[in-house]
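A.B. asks: This is start08.txt (compact mmCIF, C-alpha atoms (C1' of nucleotides)).
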# COMPACT_ATOMS: atom_id res chain seq x y z
CA MET A 1 -36.27 -23.24 1.65
CA ALA A 2 -34.82 -20.01 0.36
CA PRO A 3 -33.91 -17.68 3.21
CA LEU A 4 -36.10 -14.71 3.85
CA GLY A 5 -35.70 -11.46 2.00
CA ARG A 6 -34.35 -10.54 -1.39
CA PRO A 7 -31.91 -13.18 -2.58
CA ARG A 8 -28.31 -12.30 -3.34
CA GLY A 9 -27.92 -11.41 -6.99
CA PHE A 10 -24.52 -13.04 -7.54
CA ASP A 11 -22.78 -16.33 -6.83
CA ARG A 12 -20.70 -16.00 -3.70
CA THR A 13 -18.34 -18.81 -4.72
CA VAL A 14 -17.67 -17.31 -8.13
CA ALA A 15 -17.15 -13.91 -6.55
CA LEU A 16 -14.64 -15.35 -4.09
CA ASP A 17 -12.68 -16.84 -6.96
CA LEU A 18 -12.66 -13.52 -8.77
CA ALA A 19 -11.41 -11.84 -5.60
CA LEU A 20 -8.70 -14.48 -5.36
CA GLN A 21 -7.58 -13.63 -8.87
CA ALA A 22 -7.54 -9.91 -8.08
CA PHE A 23 -5.59 -10.21 -4.83
CA TRP A 24 -3.19 -12.69 -6.33
CA GLU A 25 -2.37 -10.38 -9.22
CA GLN A 26 -2.16 -7.12 -7.37
CA GLY A 27 -1.56 -7.89 -3.72
CA PHE A 28 -3.64 -6.89 -0.76
CA GLU A 29 -2.91 -3.19 -0.46
CA SER A 30 -2.96 -2.43 -4.17
CA THR A 31 -6.33 -4.06 -4.72
CA SER A 32 -8.91 -1.39 -3.94
CA ILE A 33 -12.52 -2.02 -3.03
CA ALA A 34 -13.41 -0.19 -6.22
CA GLU A 35 -11.32 -2.67 -8.23
CA LEU A 36 -12.96 -5.57 -6.46
CA THR A 37 -16.51 -4.32 -6.99
CA ARG A 38 -15.66 -3.72 -10.63
CA ARG A 39 -14.31 -7.23 -11.14
CA LEU A 40 -16.99 -8.99 -9.13
CA GLY A 41 -19.67 -6.91 -10.81
CA ILE A 42 -21.32 -5.93 -7.55
CA GLY A 43 -21.65 -2.81 -5.43
CA PRO A 44 -19.72 -2.13 -2.24
CA PRO A 45 -22.69 -2.86 0.06
CA SER A 46 -23.11 -6.30 -1.51
CA LEU A 47 -19.45 -7.04 -1.02
CA TYR A 48 -19.48 -5.93 2.60
CA ALA A 49 -22.67 -7.84 3.34
CA ALA A 50 -21.30 -11.04 1.81
CA PHE A 51 -17.71 -11.01 3.04
CA GLY A 52 -17.34 -8.51 5.85
CA ASP A 53 -14.56 -6.01 5.27
CA LYS A 54 -11.55 -6.12 2.99
CA ARG A 55 -9.41 -7.96 5.50
CA ALA A 56 -12.01 -10.67 6.07
CA LEU A 57 -12.45 -11.15 2.34
CA PHE A 58 -8.72 -11.49 1.94
CA LEU A 59 -8.45 -14.03 4.71
CA GLU A 60 -11.21 -16.08 3.13
CA VAL A 61 -9.50 -15.87 -0.25
CA LEU A 62 -6.31 -16.99 1.40
CA ASP A 63 -7.98 -20.06 2.85
CA LEU A 64 -9.36 -20.96 -0.55
CA TYR A 65 -5.94 -20.63 -2.13
CA TYR A 66 -4.25 -22.59 0.60
CA ASP A 67 -6.80 -25.39 0.55
CA ARG A 68 -6.19 -25.89 -3.14
CA PHE A 69 -2.48 -25.95 -2.63
CA VAL A 70 -2.72 -28.49 0.15
CA GLN A 71 -4.99 -30.58 -2.01
CA PHE A 72 -2.33 -30.62 -4.72
CA LEU A 73 0.27 -31.54 -2.12
CA ASP A 74 -1.83 -34.36 -0.69
CA GLN A 75 -2.58 -35.84 -4.06
CA THR A 76 0.98 -35.66 -5.28
CA LEU A 77 2.48 -37.10 -2.12
CA ALA A 78 -0.09 -39.88 -2.01
CA VAL A 79 1.10 -41.43 -5.26
CA PRO A 80 2.53 -44.84 -4.42
CA GLY A 81 6.21 -45.43 -5.07
CA ALA A 82 9.49 -44.02 -3.80
CA ARG A 83 9.11 -40.93 -1.65
CA ARG A 84 11.86 -39.30 -3.66
CA ASP A 85 9.76 -39.55 -6.80
CA ALA A 86 6.79 -37.98 -5.04
CA ILE A 87 8.90 -35.05 -3.83
CA ALA A 88 10.33 -34.59 -7.31
CA ALA A 89 6.77 -34.54 -8.61
CA VAL A 90 5.88 -31.88 -6.05
CA LEU A 91 8.77 -29.65 -7.11
CA LEU A 92 7.97 -30.13 -10.78
CA GLY A 93 4.29 -29.59 -10.15
CA ILE A 94 5.03 -26.33 -8.37
CA ALA A 95 7.36 -25.26 -11.16
CA ARG A 96 4.49 -25.83 -13.60
CA PHE A 97 1.93 -24.25 -11.32
CA TYR A 98 4.07 -21.11 -11.14
CA SER A 99 4.29 -20.93 -14.92
CA THR A 100 0.75 -21.65 -15.97
CA PRO A 101 -0.61 -19.28 -18.62
CA GLY A 102 -3.62 -17.32 -17.43
CA VAL A 103 -2.69 -17.71 -13.79
CA PRO A 104 -0.85 -14.98 -11.88
CA ARG A 105 2.87 -15.59 -11.53
CA GLY A 106 4.35 -16.89 -8.32
CA CYS A 107 2.79 -18.03 -5.09
CA MET A 108 0.14 -15.79 -3.63
CA VAL A 109 1.19 -16.51 -0.07
CA ASN A 110 4.70 -15.20 -0.74
CA THR A 111 3.97 -12.06 -2.65
CA VAL A 112 0.72 -10.38 -1.72
CA ALA A 113 1.55 -8.33 1.33
CA ALA A 114 4.02 -5.57 2.05
CA PRO A 115 6.66 -6.29 4.70
CA THR A 116 4.70 -4.11 7.11
CA GLY A 117 0.97 -3.57 7.34
CA GLU A 118 -2.07 -5.41 8.68
CA PRO A 119 -0.44 -7.58 11.35
CA ALA A 120 -3.30 -10.08 11.25
CA LEU A 121 -2.71 -10.73 7.55
CA LEU A 122 1.05 -10.99 7.89
CA ALA A 123 0.61 -13.42 10.76
CA ARG A 124 -1.77 -15.58 8.77
CA LEU A 125 0.51 -15.60 5.74
CA ALA A 126 3.49 -16.55 7.89
CA GLU A 127 1.38 -19.26 9.49
CA LEU A 128 0.50 -20.80 6.14
CA ARG A 129 4.11 -20.74 4.99
CA SER A 130 5.24 -22.25 8.23
CA SER A 131 2.67 -24.99 7.87
CA VAL A 132 3.95 -26.05 4.45
CA GLN A 133 7.53 -25.91 5.62
CA GLU A 134 6.62 -28.10 8.58
CA ARG A 135 4.92 -30.56 6.27
CA LEU A 136 8.08 -30.87 4.21
CA ARG A 137 10.07 -31.47 7.36
CA ARG A 138 7.74 -34.27 8.40
CA GLU A 139 8.01 -35.87 4.98
CA MET A 140 11.79 -35.76 5.02
CA ARG A 141 11.98 -37.18 8.52
CA ALA A 142 9.70 -39.98 7.47
CA ALA A 143 11.92 -40.60 4.47
CA ALA A 144 14.97 -40.69 6.71
CA ASP A 145 13.26 -43.10 9.11
CA ALA A 146 12.37 -45.32 6.19
CA GLY A 147 15.99 -45.37 5.07
CA GLU A 148 15.20 -43.55 1.86
CA LEU A 149 17.77 -40.81 2.47
CA PRO A 150 21.53 -41.21 2.01
CA ARG A 151 23.35 -41.19 5.34
CA ASP A 152 25.01 -37.84 4.70
CA VAL A 153 21.72 -36.03 4.02
CA GLU A 154 20.07 -34.47 7.07
CA PRO A 155 16.28 -34.59 6.73
CA ASP A 156 15.73 -31.12 8.20
CA ALA A 157 18.42 -29.61 6.03
CA LEU A 158 16.92 -31.22 2.94
CA ALA A 159 13.48 -29.97 3.86
CA ALA A 160 14.93 -26.47 4.23
CA VAL A 161 16.53 -26.73 0.80
CA LEU A 162 13.25 -27.83 -0.75
CA TRP A 163 11.36 -25.01 0.91
CA THR A 164 13.99 -22.48 -0.12
CA THR A 165 13.64 -23.74 -3.66
CA VAL A 166 9.87 -23.37 -3.64
CA LEU A 167 10.16 -19.79 -2.38
CA GLY A 168 12.91 -18.97 -4.84
CA MET A 169 11.03 -20.44 -7.80
CA SER A 170 8.04 -18.35 -6.82
CA MET A 171 10.11 -15.18 -6.97
CA ARG A 172 11.75 -16.14 -10.23
CA SER A 173 8.36 -16.87 -11.69
CA ARG A 174 7.25 -13.36 -10.77
CA ASP A 175 10.28 -12.07 -12.64
CA GLY A 176 9.21 -13.94 -15.74
CA ALA A 177 11.11 -17.21 -15.57
CA ASP A 178 9.54 -19.64 -18.02
CA ARG A 179 8.41 -23.17 -17.37
CA ALA A 180 11.53 -24.85 -18.74
CA GLU A 181 13.81 -22.83 -16.49
CA LEU A 182 11.81 -23.60 -13.38
CA GLU A 183 11.58 -27.28 -14.24
CA SER A 184 15.32 -27.34 -14.77
CA THR A 185 15.88 -25.90 -11.33
CA ALA A 186 13.50 -28.40 -9.76
CA ARG A 187 15.46 -31.24 -11.35
CA SER A 188 18.82 -29.79 -10.38
CA ILE A 189 17.76 -29.52 -6.76
CA MET A 190 16.74 -33.16 -6.70
CA THR A 191 20.36 -34.13 -7.35
CA ILE A 192 20.97 -33.22 -3.71
CA TRP A 193 18.87 -36.26 -2.91
CA PRO A 194 20.38 -38.98 -5.07
CA PRO A 195 18.29 -42.12 -5.48
CA ILE A 196 19.46 -44.81 -3.10
CA ARG A 197 20.90 -47.78 -4.95
CA MET B 1 32.75 27.68 -0.86
CA ALA B 2 29.40 27.10 0.73
CA PRO B 3 26.56 27.56 -1.73
CA LEU B 4 24.37 30.62 -1.35
CA GLY B 5 21.48 30.72 1.05
CA ARG B 6 20.76 29.03 4.32
CA PRO B 7 22.68 25.76 4.54
CA ARG B 8 20.86 22.46 4.93
CA GLY B 9 20.48 21.60 8.58
CA PHE B 10 21.04 17.85 8.25
CA ASP B 11 23.50 15.44 6.66
CA ARG B 12 22.08 14.22 3.38
CA THR B 13 24.13 11.02 3.45
CA VAL B 14 23.01 10.11 6.95
CA ALA B 15 19.42 10.90 6.04
CA LEU B 16 19.63 8.64 2.99
CA ASP B 17 20.85 5.81 5.16
CA LEU B 18 17.98 6.33 7.59
CA ALA B 19 15.56 6.27 4.69
CA LEU B 20 17.17 3.05 3.49
CA GLN B 21 16.54 1.52 6.89
CA ALA B 22 12.91 2.67 6.89
CA PHE B 23 12.10 1.43 3.38
CA TRP B 24 13.92 -1.82 3.96
CA GLU B 25 11.92 -2.53 7.11
CA GLN B 26 8.52 -1.45 5.96
CA GLY B 27 8.49 -1.46 2.19
CA PHE B 28 7.77 1.38 -0.17
CA GLU B 29 4.02 1.79 0.19
CA SER B 30 3.87 1.27 3.94
CA THR B 31 6.53 3.85 4.65
CA SER B 32 4.72 7.17 4.85
CA ILE B 33 6.28 10.55 4.38
CA ALA B 34 5.34 11.24 7.98
CA GLU B 35 7.31 8.19 9.09
CA LEU B 36 10.28 9.29 7.03
CA THR B 37 10.29 12.85 8.32
CA ARG B 38 10.03 11.49 11.85
CA ARG B 39 12.97 9.14 11.41
CA LEU B 40 15.15 11.58 9.51
CA GLY B 41 14.29 14.32 11.97
CA ILE B 42 13.37 16.81 9.26
CA GLY B 43 10.21 18.41 7.90
CA PRO B 44 8.51 17.45 4.66
CA PRO B 45 9.78 20.50 2.74
CA SER B 46 13.37 19.63 3.62
CA LEU B 47 12.85 16.08 2.43
CA TYR B 48 11.27 17.17 -0.83
CA ALA B 49 13.95 19.78 -1.45
CA ALA B 50 16.76 17.31 -0.84
CA PHE B 51 15.44 14.20 -2.56
CA GLY B 52 12.54 15.11 -4.83
CA ASP B 53 9.44 13.08 -4.16
CA LYS B 54 8.95 9.75 -2.44
CA ARG B 55 9.65 7.76 -5.57
CA ALA B 56 12.91 9.57 -6.27
CA LEU B 57 14.05 9.07 -2.70
CA PHE B 58 13.25 5.40 -2.94
CA LEU B 59 15.15 5.00 -6.18
CA GLU B 60 18.18 6.71 -4.65
CA VAL B 61 17.94 4.45 -1.61
CA LEU B 62 17.77 1.50 -3.93
CA ASP B 63 20.95 2.51 -5.70
CA LEU B 64 22.72 2.85 -2.38
CA TYR B 65 21.58 -0.60 -1.31
CA TYR B 66 22.49 -2.16 -4.60
CA ASP B 67 25.92 -0.56 -4.74
CA ARG B 68 26.75 -2.03 -1.35
CA PHE B 69 25.56 -5.44 -2.43
CA VAL B 70 27.61 -5.34 -5.61
CA GLN B 71 30.60 -4.24 -3.60
CA PHE B 72 30.22 -7.32 -1.40
CA LEU B 73 29.88 -9.47 -4.49
CA ASP B 74 32.96 -7.99 -6.14
CA GLN B 75 35.09 -8.43 -3.07
CA THR B 76 33.99 -11.97 -2.40
CA LEU B 77 34.37 -13.11 -5.97
CA ALA B 78 37.77 -11.47 -6.28
CA VAL B 79 39.34 -13.70 -3.63
CA PRO B 80 41.98 -15.83 -5.36
CA GLY B 81 41.46 -19.57 -5.43
CA ALA B 82 38.92 -21.97 -6.84
CA ARG B 83 35.81 -20.31 -8.22
CA ARG B 84 33.73 -22.85 -6.36
CA ASP B 85 35.10 -21.58 -3.06
CA ALA B 86 34.29 -18.01 -4.00
CA ILE B 87 30.71 -18.91 -4.86
CA ALA B 88 30.36 -20.85 -1.64
CA ALA B 89 31.63 -17.76 0.17
CA VAL B 90 29.03 -15.65 -1.63
CA LEU B 91 26.19 -17.94 -0.56
CA LEU B 92 27.45 -18.09 2.99
CA GLY B 93 28.01 -14.34 3.06
CA ILE B 94 24.45 -13.77 1.89
CA ALA B 95 23.13 -16.23 4.47
CA ARG B 96 24.94 -14.21 7.13
CA PHE B 97 23.91 -10.88 5.64
CA TYR B 98 20.27 -11.97 5.79
CA SER B 99 20.60 -12.90 9.44
CA THR B 100 22.56 -9.99 10.85
CA PRO B 101 21.14 -8.60 14.09
CA GLY B 102 20.08 -4.98 13.82
CA VAL B 103 19.61 -5.23 10.07
CA PRO B 104 16.16 -5.79 8.51
CA ARG B 105 15.54 -9.38 7.49
CA GLY B 106 15.79 -10.47 3.90
CA CYS B 107 16.87 -8.66 0.77
CA MET B 108 15.37 -5.24 0.22
CA VAL B 109 15.20 -5.71 -3.52
CA ASN B 110 12.96 -8.75 -3.14
CA THR B 111 10.55 -7.58 -0.52
CA VAL B 112 9.84 -3.87 -0.59
CA ALA B 113 7.20 -3.47 -3.27
CA ALA B 114 3.72 -4.87 -3.77
CA PRO B 115 3.17 -7.00 -6.89
CA THR B 116 1.39 -4.04 -8.45
CA GLY B 117 2.02 -0.36 -8.00
CA GLU B 118 4.50 2.24 -9.21
CA PRO B 119 5.62 0.67 -12.48
CA ALA B 120 8.86 2.64 -12.47
CA LEU B 121 9.84 1.14 -9.13
CA LEU B 122 8.86 -2.39 -10.08
CA ALA B 123 10.84 -2.07 -13.28
CA ARG B 124 13.91 -0.86 -11.44
CA LEU B 125 13.68 -3.62 -8.86
CA ALA B 126 13.31 -6.23 -11.58
CA GLU B 127 16.28 -4.68 -13.37
CA LEU B 128 18.49 -4.97 -10.30
CA ARG B 129 17.48 -8.58 -9.72
CA SER B 130 18.06 -9.40 -13.34
CA SER B 131 21.47 -7.83 -13.15
CA VAL B 132 22.59 -10.03 -10.27
CA GLN B 133 21.16 -13.10 -11.93
CA GLU B 134 23.06 -12.26 -15.09
CA ARG B 135 26.23 -11.82 -13.10
CA LEU B 136 25.84 -15.31 -11.66
CA ARG B 137 25.32 -16.71 -15.14
CA ARG B 138 28.51 -15.08 -16.37
CA GLU B 139 30.44 -16.50 -13.43
CA MET B 140 29.14 -19.99 -14.03
CA ARG B 141 29.88 -19.86 -17.72
CA ALA B 142 33.37 -18.71 -16.96
CA ALA B 143 33.72 -21.59 -14.51
CA ALA B 144 32.50 -24.00 -17.18
CA ASP B 145 34.92 -22.59 -19.72
CA ALA B 146 37.74 -22.97 -17.20
CA GLY B 147 36.81 -26.60 -16.70
CA GLU B 148 35.83 -26.02 -13.09
CA LEU B 149 32.38 -27.56 -13.51
CA PRO B 150 31.62 -31.27 -13.72
CA ARG B 151 30.54 -32.29 -17.21
CA ASP B 152 26.98 -33.02 -16.15
CA VAL B 153 26.42 -29.58 -14.61
CA GLU B 154 25.01 -26.97 -16.99
CA PRO B 155 26.37 -23.52 -16.11
CA ASP B 156 23.07 -21.73 -16.73
CA ALA B 157 21.12 -24.27 -14.71
CA LEU B 158 23.59 -23.96 -11.84
CA ALA B 159 23.35 -20.18 -11.97
CA ALA B 160 19.58 -20.49 -11.82
CA VAL B 161 19.83 -22.77 -8.80
CA LEU B 162 22.12 -20.33 -7.02
CA TRP B 163 19.83 -17.44 -7.76
CA THR B 164 16.78 -19.39 -6.64
CA THR B 165 18.61 -20.14 -3.43
CA VAL B 166 19.43 -16.50 -2.81
CA LEU B 167 15.81 -15.50 -3.32
CA GLY B 168 14.55 -18.36 -1.19
CA MET B 169 16.97 -17.61 1.65
CA SER B 170 15.80 -14.03 1.58
CA MET B 171 12.20 -15.11 2.07
CA ARG B 172 13.07 -17.59 4.79
CA SER B 173 15.05 -14.91 6.55
CA ARG B 174 11.96 -12.70 6.56
CA ASP B 175 10.08 -15.55 8.17
CA GLY B 176 12.64 -15.72 10.93
CA ALA B 177 15.09 -18.39 9.82
CA ASP B 178 18.23 -18.11 11.92
CA ARG B 179 21.79 -17.90 10.75
CA ALA B 180 22.60 -21.57 11.25
CA GLU B 181 19.64 -22.70 9.15
CA LEU B 182 20.53 -20.40 6.28
CA GLU B 183 24.17 -21.39 6.38
CA SER B 184 23.14 -25.01 6.31
CA THR B 185 21.08 -24.42 3.20
CA ALA B 186 23.94 -22.58 1.53
CA ARG B 187 26.24 -25.54 2.18
CA SER B 188 23.67 -28.09 1.03
CA ILE B 189 23.19 -26.27 -2.24
CA MET B 190 26.90 -26.33 -2.92
CA THR B 191 26.77 -30.12 -3.04
CA ILE B 192 25.18 -29.70 -6.46
CA TRP B 193 28.56 -28.41 -7.54
CA PRO B 194 30.96 -31.05 -6.23
CA PRO B 195 34.62 -30.05 -6.17
CA ILE B 196 36.44 -31.40 -9.21
CA ARG B 197 39.01 -34.00 -8.28
C1' DC C 1 23.60 46.55 7.91
C1' DC C 2 20.85 45.27 3.65
C1' DC C 3 19.80 42.20 -0.15
C1' DT C 4 19.40 37.84 -2.09
C1' DA C 5 19.17 32.92 -2.04
C1' DT C 6 18.12 28.79 0.20
C1' DC C 7 16.45 26.16 4.03
C1' DT C 8 12.92 24.99 7.86
C1' DG C 9 8.39 24.46 10.51
C1' DT C 10 3.48 24.83 10.47
C1' DA C 11 -0.53 24.31 8.40
C1' DA C 12 -3.03 23.82 4.60
C1' DT C 13 -4.63 21.31 0.10
C1' DC C 14 -5.96 17.60 -2.54
C1' DG C 15 -6.81 13.02 -4.03
C1' DT C 16 -7.75 8.40 -2.91
C1' DG C 17 -9.65 4.64 -0.68
C1' DA C 18 -12.31 2.10 2.94
C1' DC C 19 -16.63 2.01 4.53
C1' DT C 20 -21.84 3.25 5.15
C1' DA C 21 -26.61 5.77 5.01
C1' DC C 22 -30.53 5.64 2.63
C1' DA C 23 -34.05 4.77 -0.65
C1' DG C 24 -35.80 1.46 -3.52
C1' DA C 25 -36.15 -3.60 -5.22
C1' DA C 26 -37.25 -8.38 -4.66
C1' DG C 27 -38.15 -12.19 -2.35
C1' DT C 28 -41.15 -15.13 1.56
C1' DA C 29 -45.06 -15.75 4.91
C1' DC C 30 -49.67 -14.88 5.82
C1' DG D 1 -52.32 -7.75 -1.25
C1' DT D 2 -49.69 -6.57 3.09
C1' DA D 3 -45.96 -7.06 6.25
C1' DC D 4 -41.45 -8.34 6.95
C1' DT D 5 -36.71 -9.33 5.72
C1' DT D 6 -32.68 -8.96 3.06
C1' DC D 7 -30.30 -7.33 -1.06
C1' DT D 8 -28.67 -3.50 -4.39
C1' DG D 9 -27.28 1.15 -6.46
C1' DT D 10 -26.09 5.83 -5.62
C1' DA D 11 -23.99 9.03 -3.23
C1' DG D 12 -22.08 10.28 0.40
C1' DT D 13 -18.66 10.39 4.90
C1' DC D 14 -14.32 10.07 6.92
C1' DA D 15 -9.48 9.29 7.63
C1' DC D 16 -5.05 9.22 5.85
C1' DG D 17 -1.19 10.20 3.11
C1' DA D 18 1.51 12.81 -0.53
C1' DT D 19 2.61 17.23 -1.61
C1' DT D 20 2.98 22.34 -1.25
C1' DA D 21 2.08 27.57 0.34
C1' DC D 22 3.80 30.65 3.21
C1' DA D 23 6.14 32.96 6.77
C1' DG D 24 10.24 33.02 9.32
C1' DA D 25 15.29 31.75 9.76
C1' DT D 26 20.14 31.75 8.35
C1' DA D 27 23.81 32.04 5.41
C1' DG D 28 27.03 34.87 1.85
C1' DG D 29 28.15 39.29 -0.79
C1' DG D 30 28.26 44.06 -0.88
Reformat the file's structure so that it appears as structure tokens.
C.D. replies:
Amino acid sequence: MAPLGRPRGFDRTVALDLALQAFWEQGFESTSIAELTRRLGIGPPSLYAAFGDKRALFLEVLDLYYDRFVQFLDQTLAVPGARRDAIAAVLLGIARFYSTPGVPRGCMVNTVAAPTGEPALLARLAELRSSVQERLRREMRAAADAGELPRDVEPDALAAVLWTTVLGMSMRSRDGADRAELESTARSIMTIWPPIR
Amino acid sequence: MAPLGRPRGFDRTVALDLALQAFWEQGFESTSIAELTRRLGIGPPSLYAAFGDKRALFLEVLDLYYDRFVQFLDQTLAVPGARRDAIAAVLLGIARFYSTPGVPRGCMVNTVAAPTGEPALLARLAELRSSVQERLRREMRAAADAGELPRDVEPDALAAVLWTTVLGMSMRSRDGADRAELESTARSIMTIWPPIR
DNA sequence: CCCTATCTGTAATCGTGACTACAGAAGTAC
DNA sequence: GTACTTCTGTAGTCACGATTACAGATAGGG
């Protein structure tokens, strides 16, 4: 049951992924509609018809990016075993994610928008960051409740350290830090949370 | 011995500081010439005559910002006593710097430019970051040479952790982290470098 | 007081980038 | 095949932002 009218001449999902790549590499403001139409191989009217305006496209791209990140987080945290090992795997996984050849450097959510500009975008970006940070806090509180944290380690403070590390690794990745360096930092940070026993 | 011609009607130093404030708050791209002339209280021709173009003004602002940061670093590291205490003071000082009321949040050098755009500016920003990172590495190596590091702490890895923390605190500050949270993170990180003896 | 040099305010200019009008193309329903 | 609906390519429109032309203002040197 194809919808009425001339069918779209491109794959919307593929196009969204190409837009993700473009925004991730160049940021929101620096990625022009012309650049997008060039990369997606479509004309401006097609882009506007399929995604709305530039802001809407960006927000949709952002959701795609975030969903993938959360999926990684879910999978990594769901591995059975000590919670400490899962968190170490998250940090190492992020270190590797930030240093994957062929993928833009650093986390898109941290680096794509100027400090001022489109308030709706900044709000959404802040919301996504806040959500991950909150997730880390919940994990650390759960770990504390389960007696998996040393007595002198505050769960909220540890969560803040982990989040700070994620943000910092993202920036270092953008400045060209290689995989080994980032992995080293991830491991060093985990010494703050010594294994119990 | 005033130079020939009509004298400039504003204080160049004050104007530069106002421009610093503007760029720091809004970033390079989002700060328009109109915004600058409004804040500095001068017309476009005066701005162009005094500073060159927008890029040149930004680069000069950047130098001003960086010089002040290095001055803070020099002073804090020069305090006599254990190197570990000086580094702790640096982290705490940065945590406080990033959460000072009336001052834009976060580090200007990390947040003002889009991932793509003016290559000259990006290069300069990366250069300044690299310079601070290098400074931390030198300090940690000196600490290692002086026997102030535990045997199982690699100086370069520790420097990387410190730098990651600075970058991460800057981002968290932009997202509204308060002074107590940042100070807490600074203190937590220092547990990676336990006092010797 | 007149000349020269430099600054200042207003009002262009000029390019760029988001967005859209319009004419044609390509499907479905009958 | 005809009517209807939705896409696509070209070529605008429109606003905004960096930069500058130009006329007037203000200083020093004679």
A.B. asks: What are the residues of chain B lining chain D at 6 Å or less? Count only C-alpha atoms (C1' of nucleotides), and put the answer as a list in words.
C.D. replies: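 The contacting residues on chain B are Leu4, Gly5 and Arg6 of chain B.
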A.B. asks: Could you write those residues out with C-alpha atoms, as a tab-separated table (two decimals), in the frame of the given file?
C.D. replies:
chain	number	residue	atom	x	y	z
B	4	LEU	CA	24.37	30.62	-1.35
B	5	GLY	CA	21.48	30.72	1.05
B	6	ARG	CA	20.76	29.03	4.32
A.B. asks: Of the residues A:Ala113, A:Leu149, A:Leu91, A:Ala142, which is the one nearest to chain B, using all atoms listed in the file?
C.D. replies: A:Ala113
A.B. asks: Using only C-alpha atoms (C1' of nucleotides), find which residues of chain C lie within 9 Å of chain A and jot them down as an MDAnalysis selection string.
C.D. replies: chainID C and resid 17:20 25:28
A.B. asks: Generate a file of the selected residues that holds C-alpha atoms (C1' of nucleotides), formatted as a compact mmCIF listing (two decimals), in the frame of the given file.
C.D. replies:
# COMPACT_ATOMS: atom_id res chain seq x y z
C1' DG C 17 -9.65 4.64 -0.68
C1' DA C 18 -12.31 2.10 2.94
C1' DC C 19 -16.63 2.01 4.53
C1' DT C 20 -21.84 3.25 5.15
C1' DA C 25 -36.15 -3.60 -5.22
C1' DA C 26 -37.25 -8.38 -4.66
C1' DG C 27 -38.15 -12.19 -2.35
C1' DT C 28 -41.15 -15.13 1.56
A.B. asks: Region 1-20 of chain C, all listed atoms, 3 Å padding on each side: what axis-aligned box centre and edge lengths in Å to one decimal come out, as AutoDock Vina command-line options?
C.D. replies:
--center_x 0.9 --center_y 24.3 --center_z 3.2 --size_x 51.4 --size_y 50.5 --size_z 20.5
A.B. asks: Do you know which residues are at most 10 Å from Leu158 (chain A) counting all atoms listed in the file, after dropping those on the same chain fewer than 6 positions away, and could you put them as a PyMOL selection string?
C.D. replies: (chain A and resi 136-137+140-141+149+164+189-190+192-193) or (chain B and resi 184-185+188-189)
A.B. asks: Would you mind exporting the chosen residues as a PDB file, in the coordinates of the input, restricted to C-alpha atoms?
C.D. replies:
ATOM      1  CA  LEU A 136       8.080 -30.870   4.210  1.00  0.00           C
ATOM      2  CA  ARG A 137      10.070 -31.470   7.360  1.00  0.00           C
ATOM      3  CA  MET A 140      11.790 -35.760   5.020  1.00  0.00           C
ATOM      4  CA  ARG A 141      11.980 -37.180   8.520  1.00  0.00           C
ATOM      5  CA  LEU A 149      17.770 -40.810   2.470  1.00  0.00           C
ATOM      6  CA  THR A 164      13.990 -22.480  -0.120  1.00  0.00           C
ATOM      7  CA  ILE A 189      17.760 -29.520  -6.760  1.00  0.00           C
ATOM      8  CA  MET A 190      16.740 -33.160  -6.700  1.00  0.00           C
ATOM      9  CA  ILE A 192      20.970 -33.220  -3.710  1.00  0.00           C
ATOM     10  CA  TRP A 193      18.870 -36.260  -2.910  1.00  0.00           C
TER      11      TRP A 193
ATOM     12  CA  SER B 184      23.140 -25.010   6.310  1.00  0.00           C
ATOM     13  CA  THR B 185      21.080 -24.420   3.200  1.00  0.00           C
ATOM     14  CA  SER B 188      23.670 -28.090   1.030  1.00  0.00           C
ATOM     15  CA  ILE B 189      23.190 -26.270  -2.240  1.00  0.00           C
TER      16      ILE B 189
END
A.B. asks: Just give me the gap between CA of Ala89 (chain A) and CA of Ala180 (chain B) in Å, one decimal is fine.
C.D. replies: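 Calculated distance between CA of Ala89 (chain A) and CA of Ala180 (chain B) is 28.5 Å.
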A.B. asks: With all atoms listed in the file as the counted atoms, please give the residues lying no more than 10 Å from Ala126 (chain B), apart from itself and same-chain residues fewer than 3 positions off, as a VMD selection string.
C.D. replies: (chain A and resid 174 to 176) or (chain B and resid 109 to 110 120 to 123 129 to 131)
A.B. asks: In Å, with one decimal, what is the gap from CA of Ile42 (chain B) to C1' of DA12 (chain C)?
C.D. replies: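 Taking CA of Ile42 (chain B) as the start and C1' of DA12 (chain C) as the end point, the length is 18.4 Å.
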A.B. asks: Please indicate the distance in Å from CA of Gly102 (chain B) to CA of Gln75 (chain B), rounded to one decimal place.
C.D. replies: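 It comes out at 22.9 Å.
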A.B. asks: Identify which of the residues A:Ala56, A:Ala22, A:Thr100, A:Gln71 lies closest to Thr37 (chain A), counting only C-alpha atoms when measuring atom-to-atom distances.
C.D. replies: A:Ala22
A.B. asks: Choose the residue, out of B:Leu20, B:Glu139, B:Arg55, B:Ala146, that has the smallest atom-to-atom separation from Arg68 (chain B); count all atoms listed in the file.
C.D. replies: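 Among the listed residues, the smallest separation from Arg68 (chain B) belongs to B:Leu20.
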A.B. asks: Dump region 10-19 of chain D with C-alpha atoms (C1' of nucleotides) to a file, as a tab-separated table (two decimals), in the first residue's frame.
C.D. replies:
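Dumped to out22.tsv:
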chain	number	residue	atom	x	y	z
D	10	DT	C1'	16.14	25.12	-10.48
D	11	DA	C1'	16.14	29.48	-9.31
D	12	DG	C1'	14.79	32.60	-6.71
D	13	DT	C1'	13.59	35.53	-2.02
D	14	DC	C1'	14.79	37.36	2.25
D	15	DA	C1'	17.24	38.38	6.44
D	16	DC	C1'	21.41	38.88	8.72
D	17	DG	C1'	26.08	39.73	9.59
D	18	DA	C1'	30.93	41.29	8.39
D	19	DT	C1'	33.08	44.99	6.50
